[in-house]
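Here's the structure, in structure tokens; my notes come after.
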Amino acid sequence: MTEITHWADVMAEEILRSGKKHLVATGITPSGHIHIGNMREVVTADATYRALLDQGADAEIIYVADTYDPLRKVYPFLDESFAPHVGKPISEIPCPCGECTSYAEHFLKPFYKALDRLGIHPKIYRADEMYKQGMYVESIKTALLNRDKIAHILQEHSGKEVTADWSPFNPICNKCARLTTTKVTGFDIEAETVNYVCSCGDNGTVSMTGGGKLTWRVDWPARWGVLGVTVEPFGKDHASKGGSYDTGKAISEEIYGYKAPYPVVYEWIMLGTKGAMSSSSGVVVAISDMLEVLPPEILRYLIIRTKPEKHIRFDPSLPLLNLVDEYEKLSANNEGPSYNRRLKELSHAAGICHTDIPFRHMITIYQVAHGDLDRVMKIVERSGYSTKNEKCILELAENVGKWLDMYAPDMVKFSVKEEIPVQAATLNATQRSFLQALSEEIDAANELSGEDYHNLVYSSQDKNSSLNARMGRIMGIDAEELEVRTTEMFKAIYLAVLGQQSGPKAGWFLSSMEKEFLAKRFKEAASYRP
RNA sequence: GGGCUCGUAGCUCAGUCAGGCAGAGCGUCUGGCUUUUAACCAGACGGCCUAGGGUUCAAAUCCCUACGAGCCCGCCA
């Protein structure tokens with residue numbers, strides 16, 4: 001088996017050929033909930049950034065929030081009161097919940113929190129502030145003066161006619177505050193102003209400092225030069241021929257005289273079988289939701305383990321547990337191929353909690369405890385796990401609770417019935433005698449571990465066991481005549497406790513409950529008649 | 001119509017850049033600890049690397065063509 005190099009390291013090596021100093025940029029428009037598809041962008045950027053640092057680069061990572069973009073439409077999650085705001089920059093629109101300083105901020109706040117949890121700490125820029133501080137003034141002048149050349153580039157690369165009144169700059173109307181409805185009528189390089197007419201009937205003059213923004217296809221390359229971006233991941237939508245990277249590269253190099261950044265193109269994340277994730281189709285899992293279900297490093301691992309140009313199939317229901325298992329196994333093993341260790345390093349998020357309780361076990365614990373966190377801790381203790389990292393254990397329990405609530409299939413769900421379930425009526429004579437005998441054995445015993453319970457259940461088919469002997473006595477037959485199939489005995493247990501035919505691995509499951517409760521329940525079930 | 005990316009075991013994917021015996025995990029099956037229903041361990045099964053052609057001593061890997069999937073070319077990142 002040959003040694004495998006992680007994609008981020010391969011990329012870093014290539015990037016370093018063009019110099020030692022690098023600025024990795026990422027940018028997302030906070031016009032709606034930022035979902036895990038968007039997360040791929042920042043995690044990809046961060047992996048590249050970490051790989052660059054590891055190879056000795058002088059690298060930085062930044063995140064540009066495109067807060068000066070206009071609101072495109074009234075999205076499904078907005079109410080009609082937002083209709084008048086369509087076309088205004090999202091930094092200038094009120095917050096949907098009324099508590100944030102702007103619409104943009106409303107969606108950025110949870111995203112910043114998510115970044116932090118994922119261990120990604122970029123220097124943050126807000127586009128509206130950059131414009132308002134005049135950082136783009138020179139770029140705007142250059143763009144206005146080279147309007148024809150830019151139009152030519154756009155036409156050449158995208159094959160699309162550019163209209164006669166097209167301008168690389170979109171002024172913000174002084175009257176209606178929109179930037180999608182204005183047309184540039186002239187500009188003054190000395191005074192740094194632009195004249196416009198607006199479809200609302202207004203006409204006037206705005207400053208190049210905060211009075212409008214460059215159109216996206218020009219804004220992007222302008223930003224590269226202004227900030228000194230050398231590496232940038234972006235979705236494949238920008239990557240095709242005639243797309244915005246194509247035109248951006250040409251504009252950057254021909255108009256701004258700045259070498260376009262190294263492109264890292266990433267594919268979409270597909271949600272289960274529902275297809276690509278996108279805000280407009282409503283097929284979305286918000287990062288903030290996912291972080292309530294999964295530890296951040298597993299979310300990173302999801303992205304890190306797959307090369308950017310491959311699409312990722314993400315299914316938050318049962319298949320999610322495979323991902324979790326895989327990561328837990330990886331995480332517990334410090335040996336193994338260097339590639340595995342690299343995966344782990346790149347998945348590492350800062351300040352994570354460690355508990356050795358697997359996610360799958362917690363699914364059982366949590367449900368036995370009926371979601372009660374005090375009871376969760378008691379069960380953890382009874383099951384022999386360390387209770388030292390209480391905070392982390394509870395965090396895991398909360399993750400599991402959310403998962404059960406939002407994504408878990410019925411198959412893994414169960415509830416320990418407070419009263420004996422009516423399904424116990426279907427128990428046959430052998431099963432009843434087994435439960436009665438089991439109840440007596442439990443009563444007689446001191447502490448029982450998962451393995452003890454496990455052994456106990458299996459001893460039912462052993463002619464020399466005390467459990468088997470009890471069963472014979474209860475049924476009033478000879479040991480020789482007693483036929484015990486353990487499968488049936490397991491069913492009896494699940495029926496008595498859960499009211500269903502199957503359940504979590506029995507020994508461990510039983511040990512998570514109080515033995516007095518079990519003794520009582522099994523005794524009741526043995527003689528239950530509805 | 002033009003272009004980009006992907007196609008490898010039942011499933012999720014490494015391996016393709018830099019050609020050298022077809023790989024991992026999960027699932028399945030078998031076996032083990034007197035004994036494992038969703039916590040164990042070991043082993044096995046599993047493949048026309050989407051198809052066809054080309055280059056080469058040698059192709060999953062490079063080149064061409066086709067098919068399938070997703071996406072872009074509408075200044076909706």
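Quick note on naming: the chains in the structure tokens go A, B, ... in the order shown, residues restart at 1 in each chain, and ligands are numbered from 1 in order of appearance.
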
message: Using only C-alpha atoms (C1' of nucleotides) and a cut-off of 7 Å, which residues of chain B sit close to chain A? Please list them as JSON, numbers by chain.
response: {"B": [3, 4, 5, 6, 26, 35, 37, 38, 71, 72, 73, 75, 76, 77]}

Would you kindly return, as a JSON list (two decimals) with C-alpha atoms, in the first residue's frame, each protein, DNA or RNA residue with an atom no farther than 9 Å from any atom of range 209-211 of chain A, considering only C-alpha atoms (C1' of nucleotides) and excluding same-chain residues fewer than 5 positions away?
```json
[["chain", "number", "residue", "atom", "x", "y", "z"],
["A", 128, "ASP", "CA", -20.48, 47.10, 3.78],
["A", 129, "GLU", "CA", -17.80, 48.40, 6.13],
["A", 130, "MET", "CA", -15.12, 48.00, 3.48],
["A", 131, "TYR", "CA", -17.17, 50.10, 1.07],
["A", 132, "LYS", "CA", -18.08, 52.65, 3.72],
["A", 133, "GLN", "CA", -14.44, 53.02, 4.72],
["A", 134, "GLY", "CA", -13.46, 53.74, 1.14],
["A", 135, "MET", "CA", -11.33, 50.63, 0.65],
["A", 136, "TYR", "CA", -12.83, 50.15, -2.80],
["A", 137, "VAL", "CA", -12.59, 53.74, -4.07],
["A", 170, "ASN", "CA", -24.33, 50.01, -8.79],
["A", 171, "PRO", "CA", -25.20, 53.22, -6.92],
["A", 172, "ILE", "CA", -27.51, 53.05, -3.93],
["A", 173, "CYS", "CA", -30.50, 55.30, -4.56],
["A", 174, "ASN", "CA", -30.65, 58.20, -2.10],
["A", 192, "GLU", "CA", -15.10, 60.60, -6.24],
["A", 193, "THR", "CA", -18.82, 60.70, -6.98],
["A", 194, "VAL", "CA", -21.20, 58.90, -9.33]]
```

task: Tell me, as an NGL selection string, which residues lie within 10 Å of Asp9 in chain A, counting only C-alpha atoms (C1' of nucleotides); anything in the same chain fewer than 3 positions away does not count.
output: :A and (5-6 or 12-15 or 47-52 or 54-55 or 342)

message: Could you pull out the alpha helix (DSSP H) residues of range 324-450 of chain A, going by DSSP on the backbone, and write them as a PyMOL selection string?
response: chain A and resi 324-332+338-347+359-368+373-382+390-406+429-444+450

statement: The residue from B:A66, B:A60, B:C21, B:C29 with the smallest atom-to-atom distance to G46 in chain B, counting only C-alpha atoms (C1' of nucleotides), is B:C29

Separation of CA of Leu145 in chain A from CA of Val206 in chain A in Å: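 For CA of Val206 in chain A relative to CA of Leu145 in chain A, the distance reads 16.9 Å.
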
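When only C-alpha atoms (C1' of nucleotides) are used to measure the gap to G23 in chain B, the shortest distance among B:U8, B:U55, B:U36, B:U50 belongs to B:U8.
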
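In this structure, CA of Leu318 in chain A sits 18.8 Å away from CA of Glu297 in chain A.
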